[in-house]
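For reference, the structure is listed below as structure tokens.
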Amino acid sequence: MSLTPPRSHGSGRFPTPSGEGPPGASRGGALLRAATRQQGVRCATLAFLSLAGTAAGLLLPAALGRALDALLAHPSADPSRATDWVLYCTALVLVLAVLDACETVLGATTNARTTAWLRERLTGHVLGVGPRAGYRFGPGELVARLVGNAAQAGTAPATLAGLFAALAAPLGAVVALWLIDPRLALVFLGGVPVVVAVLRAFARNSSRCVARYQHAQGRIAGALAEAIDGARTIAAGGTAGKEVARILRPLPELSREGHRMWRVQGRAAAQAVGVAPLLQIAVLATAGLLLTQHRLSVGELLAASRYAVLATGVGVLVGRLGGLIEARASARRLGEMLDEPETAYGTRHLPPGQGQLELRAVTARNRGGRTVLHGVDLVVPGGTTLAVVGRSGAGKSLLAALAGRLADPDSGEVVLDGVPLCELDRHTLRRAIGYAFERPALLGETVEDTIGFGHPQPPPDRVREAARTARADAFVRRLPHGYATPCAAAPLSGGEAQRLGLARAFARGGRLLILDDALSSLDTVTEHHVTEALFRRTPGCGRLVVAHRASTAARADSVAWLDGGRVRAVGRHGELWAQPEYRAVFGSDAGDKANDRGDERNGGSP
């Protein structure tokens with residue numbers, strides 16, 4: 001079930017980027033600018049190295065021309081002058097090699113640092129957004145964006161620095177042609193509009209192709225993540241072949257867009273190849289004519305030929321521009337993640353209290369707009385346990401999420417000891433409310449870290465006490481290194497993993513403990529021991545338990561029966577058992593036995 005997301009900064013639950021353009025474009029551009037500022041010194045140094053290399057490259061043709069003129073000079077001329085120019089040319093070549101090596105190393109480190117900064121920034125944002133980030137994008141899509149798209153976007157600062165140098169080379173070459181003879185520059189400038197048109201067409205067409213290509217990549221990543229998560233189901237159903245076909249369904253689109261990108265780049269290169277030689281021939285022809293008129297020297301003719309090549313260096317521009325387009329397209333996809341705002345928290349703290357939870361006229365919808373909970377009013381008195389029961393789709397998990405502010409209602413409010421949850425400080429809220437889930441995520445390096453996961457981390461003696469309460473201590477001690485066993489090296493059954501999740505919730509303590517079907521994988525004996533400890537009256541701590549078993553409901557102080565998104569009744573399990581519709585919630589006559597076990601606690605037979 002999709003959960004209604006917590007309230008967040010910005011207007012609307014699912015905000016769209018302001019202004020025109022593709023989703024994420026505004027924030028994507030801002031993200032690239034922030035990344036460039038973050039690596040400002042490196043980018044400035046990289047731009048300096050690139051421009052210095054360009055300047056050395058522009059000086060080299062002139063130096064070669066002077067060296068050639070000196071070598072062809074009259075025999076009576078000073079021969080040391082030619083030697084000096086040859087040495088200058090050699091020095092420029094060495095400088096170019098050193099600058100190129102430095103630029104390569106600095107460019108690679110800048111890309112790596114920018115990518116790391118983007119991933120840290122976005123990972124923090126995704127975790128700050130909370131569960132709704134996964135609901136909107138899906139785990140596979142999030143991983144694809146944080147890994148692949150962040151790496152592509154991370155090349156933007158270095159590519160931008162290189163693009164300035166790539167632009168400076170043809171501009172400097174045109175200026176050099178003007179200095180040799182203005183007519184050479186004018187001849188070349190006559191063909192510049194064609195070159196500009198080629199680059200504009202490339203940028204426009206390539207941008208669309210890259211966006212569609214990355215979208216297809218994300219679809220494949222999302223489908224693959226789903227298949228990995230459901231590997232057992234796929235193996236049991238013998239549907240591996242069908243799943244492969246489903247995962248790779250976007251592959252033809254990926255191939256089509258990839259070929260289209262190559263065609264766009266190839267067309268731009270072919271057009272450049274067609275235009276560039278014509279411009280070079282025109283410049284050389286003009287220079288040759290001026291040579292015959294003794295207005296240019298042979299060395300200047302050589303320099304003019306080299307400058308004509310530099311001035312028509314569209315290939316370098318196409319490569320740099322293509323890299324920047326890919327980086328911007330990736331940044332737009334990252335910007336879409338930033339469009340989902342982080343959850344906003346208040347500044348209040350909890351007063352002294354017993355952990356009383358109240359839901360006041362709470363209405364909540366899922367992401368599709370369907371109302372799941374309708375005007376729910378419910379109270380969990382401090383120090384007591386309330387079991388929430390109902391058929392599948394009644395809204396039990398959503399109610400559990402609202403109770404601990406993993407989601408926010410569309411209307412109404414959720415209050416803990418008199419303070420609305422949305423007004424609480426983040427740390428106060430998370431210290432006050434503990435959760436245990438049906439399928440707990442075992443985070444942490446070791447088993448002890450897993451049980452103590454959270455901030456602040458509980459002391460070791462409390463971790464072990466919580467494990468004993470959850471009936472996890474015995475099997476944990478049998479592990480190779482006990483509580484110090486790495487989680488990856490601890491073979492756990494579903495019930496054992498669930499007990500570790502329960503131990504983590506017990507170790508957290510706090511005002512309110514919420515169990516969202518967290519007892520479903522426990523065997524009957526273990527469930528009995530855990531619920532005996534769980535449902536014991538504890539001053540200062542309320543408990544809300546989503547229950548699917550009649551035995552669990554029978555041990556609770558009271559039961560809230562959800563039906564169609566509304567609270568149909570609240571009472572003791574034994575009292576509600578008299579209604580056939582309530583008995584039907586548990587799906588079988590096996591609930592009668594569980595009810596009998598709970599009779600004494602609930603005050604007699606139903």
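As shown in the structure tokens, the chain order sets the letters A, B, ...; within each chain, residues go from 1, and ligands are also counted from 1 in the order they appear.
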
Mind checking which residues fall within 10 Å of Arg431 in chain A, counting only C-alpha atoms, ignoring those fewer than 5 positions away in the same chain, and posting them as a PyMOL selection string?
chain A and resi 426+454-456+508-512

Contact residues around Arg320 in chain A with only C-alpha atoms at 10 Å, ignoring same-chain residues under 4 positions, as a ChimeraX atom specification:
/A:156,158-167,314-316,324-325

Resulting file, chosen residues, N, CA and C atoms, as a tab-separated table (two decimals), in the first residue's frame:
chain	number	residue	atom	x	y	z
A	156	ALA	N	30.39	17.47	-15.32
A	156	ALA	CA	30.02	18.79	-15.85
A	156	ALA	C	31.05	19.89	-15.56
A	158	ALA	N	34.33	19.84	-14.95
A	158	ALA	CA	35.54	19.68	-15.75
A	158	ALA	C	35.26	19.86	-17.23
A	159	THR	N	34.11	19.35	-17.69
A	159	THR	CA	33.75	19.51	-19.10
A	159	THR	C	33.54	20.97	-19.45
A	160	LEU	N	32.91	21.70	-18.53
A	160	LEU	CA	32.67	23.13	-18.76
A	160	LEU	C	33.98	23.89	-18.84
A	161	ALA	N	34.91	23.55	-17.95
A	161	ALA	CA	36.23	24.20	-18.00
A	161	ALA	C	36.92	23.90	-19.31
A	162	GLY	N	36.82	22.65	-19.77
A	162	GLY	CA	37.42	22.29	-21.05
A	162	GLY	C	36.72	22.92	-22.22
A	163	LEU	N	35.40	23.18	-22.07
A	163	LEU	CA	34.65	23.79	-23.18
A	163	LEU	C	35.11	25.21	-23.44
A	164	PHE	N	35.45	25.93	-22.36
A	164	PHE	CA	35.97	27.29	-22.54
A	164	PHE	C	37.25	27.27	-23.38
A	165	ALA	N	38.12	26.31	-23.07
A	165	ALA	CA	39.36	26.19	-23.84
A	165	ALA	C	39.07	25.78	-25.28
A	166	ALA	N	38.08	24.88	-25.45
A	166	ALA	CA	37.71	24.45	-26.81
A	166	ALA	C	37.14	25.60	-27.62
A	167	LEU	N	36.45	26.53	-26.96
A	167	LEU	CA	35.95	27.73	-27.65
A	167	LEU	C	37.06	28.74	-27.89
A	314	VAL	N	35.81	21.79	-35.12
A	314	VAL	CA	34.45	21.52	-34.66
A	314	VAL	C	34.38	20.19	-33.92
A	315	GLY	N	35.25	19.26	-34.29
A	315	GLY	CA	35.22	17.95	-33.65
A	315	GLY	C	35.43	18.03	-32.15
A	316	VAL	N	36.38	18.87	-31.72
A	316	VAL	CA	36.62	19.04	-30.28
A	316	VAL	C	35.40	19.66	-29.61
A	324	LEU	N	28.80	17.77	-22.17
A	324	LEU	CA	28.03	18.70	-21.34
A	324	LEU	C	26.54	18.42	-21.44
A	325	ILE	N	26.07	18.05	-22.63
A	325	ILE	CA	24.65	17.73	-22.81
A	325	ILE	C	24.27	16.50	-21.97

Surrounding residues of Thr115 in chain A excluding itself and chain neighbours under 5 positions, 9 Å, only C-alpha atoms, as a PyMOL selection string:
chain A and resi 35+110+120+147+150-155

Using N, CA, C and O atoms, can you write the selected residues to a file as a PDB file, in the first residue's frame?
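Result saved to selection.pdb:
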ATOM      1  N   ALA A  35      27.561  22.352  -7.588  1.00  0.00           N
ATOM      2  CA  ALA A  35      28.691  21.423  -7.695  1.00  0.00           C
ATOM      3  C   ALA A  35      29.924  22.128  -8.244  1.00  0.00           C
ATOM      4  O   ALA A  35      31.054  21.876  -7.803  1.00  0.00           O
ATOM      5  N   THR A 110      38.793  15.926 -10.354  1.00  0.00           N
ATOM      6  CA  THR A 110      37.641  16.832 -10.232  1.00  0.00           C
ATOM      7  C   THR A 110      36.342  16.088 -10.482  1.00  0.00           C
ATOM      8  O   THR A 110      35.356  16.264  -9.752  1.00  0.00           O
ATOM      9  N   GLU A 120      26.688  12.265  -2.100  1.00  0.00           N
ATOM     10  CA  GLU A 120      26.462  12.548  -0.672  1.00  0.00           C
ATOM     11  C   GLU A 120      25.267  13.479  -0.494  1.00  0.00           C
ATOM     12  O   GLU A 120      24.418  13.266   0.371  1.00  0.00           O
ATOM     13  N   VAL A 147      23.906   6.352  -8.880  1.00  0.00           N
ATOM     14  CA  VAL A 147      25.167   5.777  -9.353  1.00  0.00           C
ATOM     15  C   VAL A 147      25.509   6.299 -10.746  1.00  0.00           C
ATOM     16  O   VAL A 147      26.481   7.027 -10.932  1.00  0.00           O
ATOM     17  N   ALA A 150      24.590  10.366 -11.400  1.00  0.00           N
ATOM     18  CA  ALA A 150      25.476  11.230 -10.606  1.00  0.00           C
ATOM     19  C   ALA A 150      26.884  11.242 -11.186  1.00  0.00           C
ATOM     20  O   ALA A 150      27.554  12.287 -11.199  1.00  0.00           O
ATOM     21  N   ALA A 151      27.349  10.083 -11.683  1.00  0.00           N
ATOM     22  CA  ALA A 151      28.683  10.029 -12.291  1.00  0.00           C
ATOM     23  C   ALA A 151      28.740  10.864 -13.560  1.00  0.00           C
ATOM     24  O   ALA A 151      29.726  11.568 -13.817  1.00  0.00           O
ATOM     25  N   GLN A 152      27.662  10.811 -14.373  1.00  0.00           N
ATOM     26  CA  GLN A 152      27.641  11.612 -15.600  1.00  0.00           C
ATOM     27  C   GLN A 152      27.544  13.098 -15.279  1.00  0.00           C
ATOM     28  O   GLN A 152      28.234  13.917 -15.886  1.00  0.00           O
ATOM     29  N   ALA A 153      26.681  13.443 -14.327  1.00  0.00           N
ATOM     30  CA  ALA A 153      26.554  14.857 -13.949  1.00  0.00           C
ATOM     31  C   ALA A 153      27.842  15.372 -13.314  1.00  0.00           C
ATOM     32  O   ALA A 153      28.173  16.560 -13.432  1.00  0.00           O
ATOM     33  N   GLY A 154      28.592  14.484 -12.657  1.00  0.00           N
ATOM     34  CA  GLY A 154      29.837  14.894 -12.012  1.00  0.00           C
ATOM     35  C   GLY A 154      30.921  15.329 -12.966  1.00  0.00           C
ATOM     36  O   GLY A 154      31.896  15.969 -12.564  1.00  0.00           O
ATOM     37  N   THR A 155      30.766  15.015 -14.256  1.00  0.00           N
ATOM     38  CA  THR A 155      31.763  15.452 -15.245  1.00  0.00           C
ATOM     39  C   THR A 155      31.517  16.881 -15.717  1.00  0.00           C
ATOM     40  O   THR A 155      32.346  17.427 -16.447  1.00  0.00           O
TER      41      THR A 155
END

Range 279-292 of chain A environment, 12 Å, only C-alpha atoms, sequence neighbours closer than 3 positions dropped, as JSON, numbers by chain:
{"A": [174, 177, 178, 180, 181, 182, 183, 184, 185, 186, 187, 188, 189, 190, 191, 192, 193, 194, 195, 272, 273, 274, 275, 276, 295, 296, 297, 298, 299, 300, 301, 302, 303, 304, 305, 306, 307, 308, 309, 310, 311, 312, 313, 314]}

Determine which residues of range 251-477 of chain A DSSP labels as helix (DSSP H, G or I) from the backbone of this structure, then write them out as number ranges by chain.
A: 251-292, 298-311, 314-339, 396-403, 421-423, 426-432, 447-451, 460-469, 473-477

Would you kindly return, as number ranges by chain, each protein, DNA or RNA residue with an atom no farther than 12 Å from any atom of Ala34 in chain A, considering only C-alpha atoms and excluding same-chain residues fewer than 4 positions away?
A: 27-30, 38-40, 114, 117-118, 121, 153-154, 156-157, 331

Go ahead and save the residues from that selection, with all heavy atoms, as a short mmCIF file (atom, residue, chain, number, x, y, z; two decimals), in the first residue's frame.
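The result, stored in out26.cif:
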data_model
loop_
_atom_site.label_atom_id
_atom_site.label_comp_id
_atom_site.auth_asym_id
_atom_site.auth_seq_id
_atom_site.Cartn_x
_atom_site.Cartn_y
_atom_site.Cartn_z
N ARG A 27 16.04 22.67 -10.82
CA ARG A 27 16.88 22.20 -9.72
C ARG A 27 18.13 21.52 -10.24
O ARG A 27 19.18 21.55 -9.59
CB ARG A 27 16.08 21.25 -8.83
CG ARG A 27 15.00 21.95 -8.01
CD ARG A 27 14.36 20.98 -7.04
NE ARG A 27 13.30 21.61 -6.28
CZ ARG A 27 13.46 22.26 -5.13
NH1 ARG A 27 14.67 22.36 -4.62
NH2 ARG A 27 12.45 22.81 -4.51
N GLY A 28 18.03 20.87 -11.41
CA GLY A 28 19.21 20.24 -11.99
C GLY A 28 20.27 21.27 -12.33
O GLY A 28 21.47 21.08 -12.06
N GLY A 29 19.85 22.40 -12.93
CA GLY A 29 20.79 23.47 -13.23
C GLY A 29 21.40 24.05 -11.97
O GLY A 29 22.60 24.32 -11.90
N ALA A 30 20.55 24.25 -10.95
CA ALA A 30 21.06 24.78 -9.69
C ALA A 30 22.05 23.81 -9.04
O ALA A 30 23.04 24.22 -8.44
CB ALA A 30 19.90 25.06 -8.74
N GLN A 38 31.35 24.18 -5.52
CA GLN A 38 31.98 23.30 -4.54
C GLN A 38 33.41 22.96 -4.95
O GLN A 38 34.30 22.84 -4.11
CB GLN A 38 31.14 22.02 -4.40
CG GLN A 38 31.63 21.05 -3.34
CD GLN A 38 31.38 21.55 -1.93
OE1 GLN A 38 30.56 22.45 -1.74
NE2 GLN A 38 32.07 20.99 -0.95
N GLN A 39 33.61 22.79 -6.26
CA GLN A 39 34.95 22.47 -6.78
C GLN A 39 35.56 23.70 -7.46
O GLN A 39 36.27 23.58 -8.46
CB GLN A 39 34.84 21.31 -7.78
CG GLN A 39 34.27 20.03 -7.20
CD GLN A 39 35.15 19.45 -6.12
OE1 GLN A 39 36.37 19.51 -6.20
NE2 GLN A 39 34.54 18.88 -5.09
N GLY A 40 35.25 24.88 -6.91
CA GLY A 40 35.64 26.13 -7.56
C GLY A 40 37.13 26.25 -7.83
O GLY A 40 37.54 26.61 -8.93
N THR A 114 33.52 15.69 -7.60
CA THR A 114 32.18 16.23 -7.87
C THR A 114 31.13 15.13 -7.76
O THR A 114 30.05 15.33 -7.19
CB THR A 114 32.14 16.86 -9.27
OG1 THR A 114 33.17 17.84 -9.39
CG2 THR A 114 30.79 17.54 -9.51
N TRP A 117 30.50 14.35 -4.16
CA TRP A 117 29.70 15.41 -3.53
C TRP A 117 28.24 15.27 -3.92
O TRP A 117 27.34 15.40 -3.07
CB TRP A 117 30.23 16.78 -3.93
CG TRP A 117 29.47 17.90 -3.29
CD1 TRP A 117 29.66 18.43 -2.05
CD2 TRP A 117 28.38 18.63 -3.87
NE1 TRP A 117 28.76 19.44 -1.81
CE2 TRP A 117 27.97 19.60 -2.91
CE3 TRP A 117 27.73 18.58 -5.09
CZ2 TRP A 117 26.92 20.47 -3.14
CZ3 TRP A 117 26.66 19.45 -5.32
CH2 TRP A 117 26.28 20.39 -4.37
N LEU A 118 27.97 15.02 -5.19
CA LEU A 118 26.59 14.86 -5.65
C LEU A 118 25.93 13.68 -4.97
O LEU A 118 24.77 13.77 -4.53
CB LEU A 118 26.56 14.67 -7.17
CG LEU A 118 26.85 15.90 -8.03
CD1 LEU A 118 27.00 15.51 -9.48
CD2 LEU A 118 25.75 16.94 -7.86
N ARG A 121 25.21 14.51 -1.32
CA ARG A 121 24.11 15.47 -1.25
C ARG A 121 22.76 14.80 -1.52
O ARG A 121 21.78 15.00 -0.79
CB ARG A 121 24.37 16.58 -2.28
CG ARG A 121 23.20 17.48 -2.59
CD ARG A 121 23.19 18.69 -1.71
NE ARG A 121 22.31 19.72 -2.23
CZ ARG A 121 20.99 19.73 -2.09
NH1 ARG A 121 20.39 18.76 -1.46
NH2 ARG A 121 20.27 20.73 -2.57
N ALA A 153 26.68 13.44 -14.33
CA ALA A 153 26.55 14.86 -13.95
C ALA A 153 27.84 15.37 -13.31
O ALA A 153 28.17 16.56 -13.43
CB ALA A 153 25.38 15.04 -12.98
N GLY A 154 28.59 14.48 -12.66
CA GLY A 154 29.84 14.89 -12.01
C GLY A 154 30.92 15.33 -12.97
O GLY A 154 31.90 15.97 -12.56
N ALA A 156 30.39 17.47 -15.32
CA ALA A 156 30.02 18.79 -15.85
C ALA A 156 31.05 19.89 -15.56
O ALA A 156 31.43 20.63 -16.47
CB ALA A 156 28.64 19.19 -15.33
N PRO A 157 31.51 20.07 -14.29
CA PRO A 157 32.46 21.15 -14.04
C PRO A 157 33.73 21.05 -14.88
O PRO A 157 34.19 22.04 -15.48
CB PRO A 157 32.77 21.03 -12.55
CG PRO A 157 31.57 20.36 -11.97
CD PRO A 157 31.13 19.40 -13.03
N ALA A 331 21.78 15.69 -14.78
CA ALA A 331 21.47 16.62 -13.69
C ALA A 331 19.96 16.86 -13.60
O ALA A 331 19.42 17.04 -12.50
CB ALA A 331 22.20 17.94 -13.89
#

Excluding same-chain residues fewer than 2 positions from Leu142 in chain A, what lies within 9 Å of it counting only C-alpha atoms, as a list in words?
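Surrounding residues, per the criterion: Val126, Ala133, Gly134, Phe137, Gly138, Pro139, Gly140, Ala144, Arg145, Leu146, Val147, Gly218, Ala221, Gly222 and Met337 of chain A.
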
Go ahead and write the selection's residues with N, CA and C atoms as a tab-separated table (two decimals), in the first residue's frame.
chain	number	residue	atom	x	y	z
A	126	VAL	N	17.54	12.06	-0.17
A	126	VAL	CA	16.61	10.92	-0.29
A	126	VAL	C	16.23	10.40	1.09
A	133	ALA	N	10.21	8.81	-1.19
A	133	ALA	CA	11.17	8.80	-2.30
A	133	ALA	C	11.15	7.45	-3.01
A	134	GLY	N	11.08	6.38	-2.21
A	134	GLY	CA	10.98	5.05	-2.81
A	134	GLY	C	9.66	4.83	-3.50
A	137	PHE	N	9.92	6.93	-7.03
A	137	PHE	CA	10.90	6.53	-8.05
A	137	PHE	C	11.13	5.02	-8.12
A	138	GLY	N	11.00	4.33	-7.00
A	138	GLY	CA	11.34	2.91	-6.95
A	138	GLY	C	12.81	2.72	-6.63
A	139	PRO	N	13.17	1.65	-5.91
A	139	PRO	CA	14.57	1.45	-5.49
A	139	PRO	C	15.54	1.38	-6.67
A	140	GLY	N	15.18	0.63	-7.72
A	140	GLY	CA	16.09	0.49	-8.86
A	140	GLY	C	16.37	1.81	-9.54
A	144	ALA	N	19.94	3.75	-9.91
A	144	ALA	CA	20.44	4.15	-11.24
A	144	ALA	C	20.80	5.64	-11.26
A	145	ARG	N	19.98	6.45	-10.63
A	145	ARG	CA	20.24	7.90	-10.62
A	145	ARG	C	21.43	8.24	-9.72
A	146	LEU	N	21.48	7.61	-8.54
A	146	LEU	CA	22.56	7.94	-7.61
A	146	LEU	C	23.91	7.40	-8.08
A	147	VAL	N	23.91	6.35	-8.88
A	147	VAL	CA	25.17	5.78	-9.35
A	147	VAL	C	25.51	6.30	-10.75
A	218	GLY	N	16.83	3.84	-16.74
A	218	GLY	CA	16.18	3.82	-15.44
A	218	GLY	C	15.09	2.77	-15.35
A	221	ALA	N	16.76	-0.58	-14.84
A	221	ALA	CA	17.27	-0.70	-13.47
A	221	ALA	C	16.14	-0.96	-12.49
A	222	GLY	N	15.00	-0.27	-12.66
A	222	GLY	CA	13.86	-0.48	-11.77
A	222	GLY	C	13.30	-1.88	-11.86
A	337	MET	N	14.75	14.33	-8.31
A	337	MET	CA	14.81	13.81	-6.94
A	337	MET	C	14.74	14.96	-5.93

Considering only C-alpha atoms, state which residue in the set A:Leu402, A:Val244, A:Ala560, A:Val95 is at the smallest distance from Ala231 in chain A.
A:Val244

Calculated over only C-alpha atoms, which of the candidates A:Gly230, A:Pro486, A:Pro170, A:Pro420 has the smallest distance to Leu443 in chain A?
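Answer, going by the shortest atom-to-atom distance: A:Pro486.
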
Please, what distance in Å, to one decimal, runs between CA of Thr371 in chain A and CA of Trp561 in chain A?
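If I compute the distance from CA of Thr371 in chain A to CA of Trp561 in chain A, I get 17.6 Å.
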
Residues of range 279-436 of chain A in strand (DSSP E), written as a ChimeraX atom specification:
/A:357-365,371-380,385-389,411-416,419-420,433-436

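The two atoms in question, CA of Ala584 in chain A and CA of Val559 in chain A, are spaced 15.1 Å apart.
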